[in-house]
Each structure stands twice: as structure tokens, then as C-alpha cells.
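Worksheet: one structure, shown below.
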Amino acid sequence: MNEADRRLLRQSRVRLVGELQVAALWDALLNRELFTPDMIEDIQRAGSGSRRDQARQLITDLETRGSQALPLFISCLEDTGQETLASLLRTSRQAQDPSRPSQGKLAPVVLGPEELWPAKLRPEVLRPEAPRPVDIGSGGFSEICAQDRAKGNADLAYVLNADPCGHCLIINNVNFCHESGLRTRTGSSIDCERMQQRFHLLHFMVDVKCNLAAKQMVQALVELARRDHSALDCCVVVILSHGCQASHLQFPGAVYGMDGYPVSVERIVNIFNGTGCPSLGGKPKLFFIQACGGEQKDQGFEVASTSPEDRTPDSDPEPDATPFQEGPVTVDQPDAVSSLPTPSDILVSYSTFPGFVSWRDTKSGSWYIETLDSIFEQWAHCEDLQTLLLRVANAVSVKGVYKQIPGCFNFLRKKLFFKT
């Protein structure tokens, strides 16, 4: 769906949610192949299952259904006698672009896969060496003492005394089905091995699953959430895959299954809320996402130059990118429902800023995971998680010609110090 149609849909969202008769739409949506039966079932189960919740989820998911989604949806409204809403959308759409024909279908636009990008657009990167430690703050010894005091104070820091500390699930999608148009993520196995070893050293029970389809990813996450975490103190999810932008309420982005279908980060996080995972209530739930947040390449702005000798001519970086799929590639992008409770004890760490690509070297793994592993190795014994992630962001931000900066959505209530 192009940006103009997406904007129109969002502007009309309140009225659509208020008036849309979704029960009359299911057959029309299936007949016009806007959604599959499984997608319809997901929409029907949204929230409490009320008409408004279903309508809200339908509008959210409609943005992911390709370049013809809005005109086809308007046709579905006409087919089911909802002419007032159909006329509203049709008139507004025509007013936004008078040159757009009022009838007839536009040819779907399919953005090319990564391998078609010109070689000259691929970035150069620094040598994949461990990032140099960066001093954060100037507190010196007093800052270290403050960290030590926080560790021993349950009001300031989470208590991670259990051994093992908790479960860690790593989903590593390397190979994708041909129909998806997604490229093999060479180098991702290096990332997976790093994270497996790192969280094992941090006293987690690590489970690795590779090349999962979107539904299998959701199933693995639900199975993890349904385990009894009563005797454990924390839970970690690491996802290594291609990614894209996604409509969202709180947590942006989506990650692809090996079948080319995306699962939104918001849905992933929502699986571990108080309802779906009560035994983790009040305990930290950490998500590390190595995937693109979109298609943009950040060229940065001019600061002190990087030494030419730090560049590796034979390195082979590529983005964990996949352009936002439209046209023939059927996309199922279920977001979390609108009734997602206010998140607490959750941290989602993204490898890149929403909307931008995330770079991965085919020989040494992704910038983000490589740096995350190195920073944890050097500093996890004495610094809290948020400080560690600041170090990661700083170290990644100085790499390469094209730029990348990790970030996080932090809803933790206390500091978190790993058990080392």
C-alpha cells in the first residue's frame, strides 16, 4: 500500500472502527483474495472478539495487503451494502490524487530483492574487531559504587538469583523459501552461536530454533510463554531474521518467517503479557531483534573522519533488508490488538532505528550482534543492561560508510544486572 492510501486509511480509522460491519465482510474479503481464511480467523480473535476490536484489527492489517488493498476493500464495502463508507474512502482517495483513475486496477508494484541493488550502494565497514570500550559518564569510582549499591537493593534492581536464571529462545532464520523473494542471511549462524554462548554464560537455558515459518515462530513463542517460570527470574528472546516496517501501536517493526510472512514485534511482545504469561509477572522480559526496521540507508552526517586503514576492503556487508513487500507476495502482518496492556518489565532492543536497514557482514555476522556480544563480555559483570546498550549503540554508530544505530523501547521498572 502506498503512503497516500495508508494515510487515508489512518485518517478514516475512527469512523471505520465505529461503523464498519465486519461480519458482512468476511466472504467478500475472501472472494477478492484480500485475506486468507487463517488471516480472517486471526482478525476475528482480536482483542475481546467484539465488532470494534475486529474492525480495528482489520484496518491495521489492511495496510499490509499490497498496492491494491484499498481499492479492493472499497469494492468489498460496495458488495456488502456499506456504500456510505465506500463513498467516503473513494471520494477522499480521488481528492488526494486527482490524476488517479476512478476505475480500473493499477498494476502491482514489486520492489526488487537485495541482490538486485547496485554493488556501489553496498557499504564499507570497519574491521569486525571488538569495539573499543567507551566511558559513559564521568562518575569514576563513585559511579561504580552506585552500581554496586543498586545490585544489592531490590527496590533499585531486579533480583536475578535463580540458577539457571531463565529461558532464552533464539530464532535464527537463515534460509527462506524461493517464493518469498528473501535472500539467504549468510553470516547469521555466527550471530546465533555468539548469542547461544553468551546467554549460556549468563546462566540462561538456551534453546535454538532455525528456519521457522511465521506460524511456527508464533507457536514457539507461545510455548515459551506457557512454561512455568515461577522458579526463574528472567526471560530472553533473540530473533535473527529479515525484517520490515509494520503498522503498530507501541513496538514498531516485524520479522519474517522463512515462508516470507512477517510477524510483528508488537505481537511477539504481546504473547508475554500478564495474560499470556502470568508466571513472568513482575520479572524482566528481554527481546533482542536483529532485523531491518525498513529500507532506508543512513548516510549519516559529517563528523571527524574515520581512518581509512580501519576499513576492510574484502568485507562483504549486506542489509537484513527486505523492501516492504507489495503485489504478488501475500503478506500476513498481524499486529498486537488495541487492548495491549501497558507494558511493564519489558525491554525491546532493536539492531537499527525504525525505518532503516540493519547491516550484516557475511563473514563476521551482524554489526549489532557482534558488538552486543563483545560489550556483554567486557562489561556485563559490573554494569546494568541499559548502560550496556548505550555502549552498543555508540560502538555500532561509528561503523561503516552507511550508518546504523541500535535503540530500544525500555519499559523496565528497575535496573537489570545479569548474573555472571
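Ordered as shown in the C-alpha cells, chains take letters A, B, and onward, while each chain numbers its residues from 1 and ligands are numbered from 1 in the order shown.
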
Long-range neighbours of Ala231 in chain A as number ranges by chain, 9 Å cut-off, only C-alpha atoms, 3 positions minimum in chain: A: 162, 165-166, 228, 279

With N, CA, C and O atoms retained, could you export that selection as a short mmCIF file (atom, residue, chain, number, x, y, z; two decimals), in the first residue's frame?
```cif
data_model
loop_
_atom_site.label_atom_id
_atom_site.label_comp_id
_atom_site.auth_asym_id
_atom_site.auth_seq_id
_atom_site.Cartn_x
_atom_site.Cartn_y
_atom_site.Cartn_z
N ALA A 162 18.22 -16.77 40.73
CA ALA A 162 17.95 -18.15 40.31
C ALA A 162 19.07 -18.67 39.40
O ALA A 162 19.68 -17.90 38.66
N CYS A 165 19.03 -18.77 35.43
CA CYS A 165 18.32 -17.50 35.60
C CYS A 165 16.97 -17.52 34.90
O CYS A 165 16.00 -16.96 35.39
N GLY A 166 16.91 -18.16 33.74
CA GLY A 166 15.67 -18.20 32.98
C GLY A 166 15.89 -18.85 31.63
O GLY A 166 16.96 -19.38 31.33
N ASP A 228 6.20 -22.81 32.89
CA ASP A 228 6.15 -22.31 34.27
C ASP A 228 7.48 -21.63 34.59
O ASP A 228 8.52 -22.27 34.72
N SER A 279 3.28 -16.31 34.90
CA SER A 279 4.39 -16.67 35.79
C SER A 279 5.61 -15.78 35.59
O SER A 279 6.58 -15.86 36.34
#
```

Could you tell me, as an MDAnalysis selection string, which residues of range 202-275 of chain A DSSP assigns to strand (DSSP E) when given the backbone? chainID A and resid 204:210 234:240 243:244 254:256 262:264

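Residues surrounding Leu388 in chain A within 9 Å are Leu372, Ile375, Phe376, Trp379 and Ala380 of chain A [only C-alpha atoms; sequence separation below 6 positions excluded].
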
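For the set A:Asp53, A:Glu266, A:Glu41, A:Glu377, the residue with the smallest atom-to-atom gap to Leu202 in chain A is A:Glu377, counting only C-alpha atoms.
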
Any idea what's packed within 7 Å of range 34-39 of chain A, counting only C-alpha atoms, ignoring anything in its chain fewer than 2 positions away? Could you give it as a list in words? Leu29, Leu30, Arg32, Glu41, Asp42, Ile43, Arg65, Ala69 and Asp332 of chain A

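Nearest to Asn270 in chain A of all the residues A:Cys177, A:Trp367, A:Gly47, A:Ala291 is A:Gly47, based on only C-alpha atoms.
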
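For the residues A:Ala28, A:Ala213, A:Met205, A:Ala4, ranking by smallest atom-to-atom distance to Gln94 in chain A using only C-alpha atoms places A:Ala4 first.
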
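Among the candidates A:Leu182, A:Leu221, A:Ile59, A:Leu156, the residue lying nearest to Leu16 in chain A is A:Ile59 (atoms considered: only C-alpha atoms).
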
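Comparing the minimum interatomic distances between Leu280 in chain A and each of A:Leu201, A:Ala395, A:Cys234, A:Val159, counting only C-alpha atoms, we find that A:Cys234 sits nearest.
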
Neighbour list for Gly260 in chain A as an MDAnalysis selection string, cut-off 8 Å, only C-alpha atoms, skip fewer than 2 positions in-chain: chainID A and resid 176:177 179:182 213:214 256:258 262 331

Which neighbours of range 55-58 of chain A fall inside 7 Å, counting only C-alpha atoms, when residues of the same chain fewer than 4 positions from it are skipped, and could you give them as a PyMOL selection string? chain A and resi 17+20+22+43+46+51+62+337

For those residues, write all heavy atoms to a file as a PDB file, in the first residue's frame.
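Output (again38.pdb):
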```pdb
ATOM      1  N   VAL A  17     -13.822   2.153  12.352  1.00  0.00           N
ATOM      2  CA  VAL A  17     -13.964   1.284  13.526  1.00  0.00           C
ATOM      3  C   VAL A  17     -15.352   1.441  14.132  1.00  0.00           C
ATOM      4  O   VAL A  17     -15.950   0.474  14.615  1.00  0.00           O
ATOM      5  CB  VAL A  17     -12.865   1.604  14.570  1.00  0.00           C
ATOM      6  CG1 VAL A  17     -13.148   0.910  15.893  1.00  0.00           C
ATOM      7  CG2 VAL A  17     -11.500   1.189  14.034  1.00  0.00           C
ATOM      8  N   LEU A  20     -18.012   0.150  10.760  1.00  0.00           N
ATOM      9  CA  LEU A  20     -17.775  -0.994   9.880  1.00  0.00           C
ATOM     10  C   LEU A  20     -18.524  -2.234  10.356  1.00  0.00           C
ATOM     11  O   LEU A  20     -18.414  -2.635  11.522  1.00  0.00           O
ATOM     12  CB  LEU A  20     -16.272  -1.286   9.822  1.00  0.00           C
ATOM     13  CG  LEU A  20     -15.769  -2.194   8.697  1.00  0.00           C
ATOM     14  CD1 LEU A  20     -16.051  -1.577   7.345  1.00  0.00           C
ATOM     15  CD2 LEU A  20     -14.279  -2.434   8.860  1.00  0.00           C
ATOM     16  N   VAL A  22     -18.223  -5.699  10.156  1.00  0.00           N
ATOM     17  CA  VAL A  22     -17.216  -6.672   9.736  1.00  0.00           C
ATOM     18  C   VAL A  22     -17.809  -8.036   9.428  1.00  0.00           C
ATOM     19  O   VAL A  22     -17.325  -8.758   8.559  1.00  0.00           O
ATOM     20  CB  VAL A  22     -16.111  -6.812  10.802  1.00  0.00           C
ATOM     21  CG1 VAL A  22     -15.254  -5.562  10.860  1.00  0.00           C
ATOM     22  CG2 VAL A  22     -16.700  -7.112  12.167  1.00  0.00           C
ATOM     23  N   ILE A  43      -8.075 -12.165  12.745  1.00  0.00           N
ATOM     24  CA  ILE A  43      -8.785 -10.898  12.933  1.00  0.00           C
ATOM     25  C   ILE A  43     -10.008 -11.103  13.825  1.00  0.00           C
ATOM     26  O   ILE A  43     -10.297 -10.294  14.706  1.00  0.00           O
ATOM     27  CB  ILE A  43      -9.195 -10.301  11.569  1.00  0.00           C
ATOM     28  CG1 ILE A  43      -7.949  -9.937  10.737  1.00  0.00           C
ATOM     29  CG2 ILE A  43     -10.081  -9.068  11.760  1.00  0.00           C
ATOM     30  CD1 ILE A  43      -8.252  -9.528   9.316  1.00  0.00           C
ATOM     31  N   ALA A  46      -9.261 -11.081  17.504  1.00  0.00           N
ATOM     32  CA  ALA A  46      -8.568  -9.897  18.026  1.00  0.00           C
ATOM     33  C   ALA A  46      -9.251  -9.380  19.291  1.00  0.00           C
ATOM     34  O   ALA A  46     -10.479  -9.304  19.377  1.00  0.00           O
ATOM     35  CB  ALA A  46      -8.530  -8.794  16.966  1.00  0.00           C
ATOM     36  N   ARG A  51     -17.040  -6.504  17.796  1.00  0.00           N
ATOM     37  CA  ARG A  51     -17.039  -5.936  16.446  1.00  0.00           C
ATOM     38  C   ARG A  51     -15.989  -4.847  16.317  1.00  0.00           C
ATOM     39  O   ARG A  51     -15.270  -4.769  15.312  1.00  0.00           O
ATOM     40  CB  ARG A  51     -18.432  -5.366  16.125  1.00  0.00           C
ATOM     41  CG  ARG A  51     -18.536  -4.801  14.690  1.00  0.00           C
ATOM     42  CD  ARG A  51     -19.683  -3.825  14.567  1.00  0.00           C
ATOM     43  NE  ARG A  51     -19.496  -2.669  15.419  1.00  0.00           N
ATOM     44  CZ  ARG A  51     -18.703  -1.649  15.115  1.00  0.00           C
ATOM     45  NH1 ARG A  51     -18.009  -1.658  13.996  1.00  0.00           N
ATOM     46  NH2 ARG A  51     -18.584  -0.630  15.940  1.00  0.00           N
ATOM     47  N   LEU A  62      -4.989  -4.328   7.024  1.00  0.00           N
ATOM     48  CA  LEU A  62      -5.234  -3.962   5.629  1.00  0.00           C
ATOM     49  C   LEU A  62      -4.049  -3.208   5.029  1.00  0.00           C
ATOM     50  O   LEU A  62      -3.777  -3.317   3.827  1.00  0.00           O
ATOM     51  CB  LEU A  62      -6.510  -3.115   5.541  1.00  0.00           C
ATOM     52  CG  LEU A  62      -7.061  -2.842   4.141  1.00  0.00           C
ATOM     53  CD1 LEU A  62      -7.482  -4.139   3.470  1.00  0.00           C
ATOM     54  CD2 LEU A  62      -8.246  -1.881   4.225  1.00  0.00           C
ATOM     55  N   VAL A 337      -3.186  -6.498  19.372  1.00  0.00           N
ATOM     56  CA  VAL A 337      -4.509  -5.903  19.423  1.00  0.00           C
ATOM     57  C   VAL A 337      -4.456  -4.593  20.189  1.00  0.00           C
ATOM     58  O   VAL A 337      -3.542  -4.321  20.961  1.00  0.00           O
ATOM     59  CB  VAL A 337      -5.502  -6.871  20.095  1.00  0.00           C
ATOM     60  CG1 VAL A 337      -5.627  -8.142  19.295  1.00  0.00           C
ATOM     61  CG2 VAL A 337      -5.079  -7.193  21.517  1.00  0.00           C
TER      62      VAL A 337
END
```

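From CA of Val255 in chain A back to CA of Gly187 in chain A, the distance works out to 17.3 Å.
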
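From CA of Gln250 in chain A back to CA of Glu3 in chain A, the distance works out to 19.9 Å.
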
Polymer residues at most 9 Å from Thr184 in chain A, only C-alpha atoms, same-chain spacing of 3 or more positions, as a PyMOL selection string: chain A and resi 173-176

Residue with smallest distance to Ser75 in chain A - pool A:Ile289, A:Leu25, A:Cys244, A:Val208, counting only C-alpha atoms: A:Leu25

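Atom pair CA of Cys408 in chain A / CA of Val348 in chain A has a distance of 5.4 Å (rounded to one decimal).
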
So that I can check the secondary structure, give me every residue of range 7-41 of chain A assigned helix (DSSP H, G or I) by backbone DSSP, as a PyMOL selection string. chain A and resi 7-11+13-19+22-24+26-31+37-41

Restricted to N, CA, C and O atoms, what would the selected residues look like written as a tab-separated table (two decimals), in the first residue's frame?
```tsv
chain	number	residue	atom	x	y	z
A	7	ARG	N	-2.14	6.72	4.59
A	7	ARG	CA	-2.51	7.91	5.35
A	7	ARG	C	-4.03	8.09	5.37
A	7	ARG	O	-4.62	8.40	6.41
A	8	LEU	N	-4.67	7.86	4.22
A	8	LEU	CA	-6.13	7.98	4.15
A	8	LEU	C	-6.81	6.98	5.08
A	8	LEU	O	-7.77	7.30	5.78
A	9	LEU	N	-6.29	5.76	5.10
A	9	LEU	CA	-6.88	4.72	5.94
A	9	LEU	C	-6.77	5.10	7.41
A	9	LEU	O	-7.71	4.91	8.19
A	10	ARG	N	-5.63	5.66	7.79
A	10	ARG	CA	-5.45	6.06	9.19
A	10	ARG	C	-6.33	7.24	9.55
A	10	ARG	O	-6.86	7.33	10.66
A	11	GLN	N	-6.51	8.19	8.61
A	11	GLN	CA	-7.37	9.34	8.86
A	11	GLN	C	-8.83	8.92	9.03
A	11	GLN	O	-9.59	9.56	9.76
A	13	ARG	N	-9.77	6.00	10.24
A	13	ARG	CA	-9.80	4.85	11.15
A	13	ARG	C	-10.93	4.94	12.18
A	13	ARG	O	-11.65	3.96	12.42
A	14	VAL	N	-11.10	6.11	12.80
A	14	VAL	CA	-12.10	6.25	13.86
A	14	VAL	C	-13.49	5.96	13.32
A	14	VAL	O	-14.27	5.21	13.93
A	15	ARG	N	-13.80	6.51	12.16
A	15	ARG	CA	-15.14	6.29	11.61
A	15	ARG	C	-15.32	4.85	11.16
A	15	ARG	O	-16.38	4.25	11.37
A	16	LEU	N	-14.29	4.27	10.56
A	16	LEU	CA	-14.38	2.89	10.11
A	16	LEU	C	-14.59	1.94	11.29
A	16	LEU	O	-15.44	1.04	11.24
A	17	VAL	N	-13.82	2.15	12.35
A	17	VAL	CA	-13.96	1.28	13.53
A	17	VAL	C	-15.35	1.44	14.13
A	17	VAL	O	-15.95	0.47	14.61
A	18	GLY	N	-15.89	2.65	14.09
A	18	GLY	CA	-17.19	2.90	14.68
A	18	GLY	C	-18.35	2.34	13.88
A	18	GLY	O	-19.38	1.96	14.43
A	19	GLU	N	-18.22	2.29	12.54
A	19	GLU	CA	-19.37	1.96	11.69
A	19	GLU	C	-19.22	0.67	10.89
A	19	GLU	O	-20.21	0.14	10.38
A	22	VAL	N	-18.22	-5.70	10.16
A	22	VAL	CA	-17.22	-6.67	9.74
A	22	VAL	C	-17.81	-8.04	9.43
A	22	VAL	O	-17.32	-8.76	8.56
A	23	ALA	N	-18.88	-8.41	10.13
A	23	ALA	CA	-19.46	-9.75	9.92
A	23	ALA	C	-19.92	-9.94	8.48
A	23	ALA	O	-19.90	-11.07	7.96
A	24	ALA	N	-20.32	-8.85	7.83
A	24	ALA	CA	-20.78	-8.96	6.45
A	24	ALA	C	-19.64	-9.00	5.45
A	24	ALA	O	-19.85	-9.29	4.26
A	26	TRP	N	-16.57	-10.82	5.62
A	26	TRP	CA	-15.63	-11.94	5.55
A	26	TRP	C	-15.63	-12.61	4.18
A	26	TRP	O	-14.57	-12.84	3.60
A	27	ASP	N	-16.82	-12.96	3.67
A	27	ASP	CA	-16.88	-13.65	2.37
A	27	ASP	C	-16.33	-12.78	1.25
A	27	ASP	O	-15.62	-13.27	0.36
A	28	ALA	N	-16.64	-11.49	1.29
A	28	ALA	CA	-16.16	-10.59	0.24
A	28	ALA	C	-14.64	-10.48	0.28
A	28	ALA	O	-13.98	-10.46	-0.77
A	29	LEU	N	-14.08	-10.39	1.48
A	29	LEU	CA	-12.62	-10.29	1.61
A	29	LEU	C	-11.94	-11.56	1.09
A	29	LEU	O	-10.87	-11.50	0.47
A	30	LEU	N	-12.56	-12.71	1.35
A	30	LEU	CA	-12.01	-13.98	0.84
A	30	LEU	C	-12.15	-14.08	-0.67
A	30	LEU	O	-11.22	-14.49	-1.37
A	31	ASN	N	-13.31	-13.69	-1.19
A	31	ASN	CA	-13.55	-13.79	-2.63
A	31	ASN	C	-12.60	-12.92	-3.44
A	31	ASN	O	-12.19	-13.29	-4.54
A	37	PRO	N	-8.18	-17.49	4.76
A	37	PRO	CA	-9.04	-17.91	5.88
A	37	PRO	C	-8.33	-17.82	7.23
A	37	PRO	O	-8.93	-17.42	8.23
A	38	ASP	N	-7.03	-18.19	7.28
A	38	ASP	CA	-6.30	-18.11	8.54
A	38	ASP	C	-6.17	-16.67	9.04
A	38	ASP	O	-6.26	-16.39	10.25
A	39	MET	N	-5.95	-15.74	8.11
A	39	MET	CA	-5.85	-14.34	8.49
A	39	MET	C	-7.19	-13.82	9.03
A	39	MET	O	-7.22	-13.06	10.00
A	40	ILE	N	-8.29	-14.25	8.38
A	40	ILE	CA	-9.62	-13.86	8.85
A	40	ILE	C	-9.85	-14.36	10.27
A	40	ILE	O	-10.36	-13.64	11.14
A	41	GLU	N	-9.43	-15.59	10.54
A	41	GLU	CA	-9.59	-16.14	11.89
A	41	GLU	C	-8.80	-15.32	12.91
A	41	GLU	O	-9.28	-15.08	14.02
```
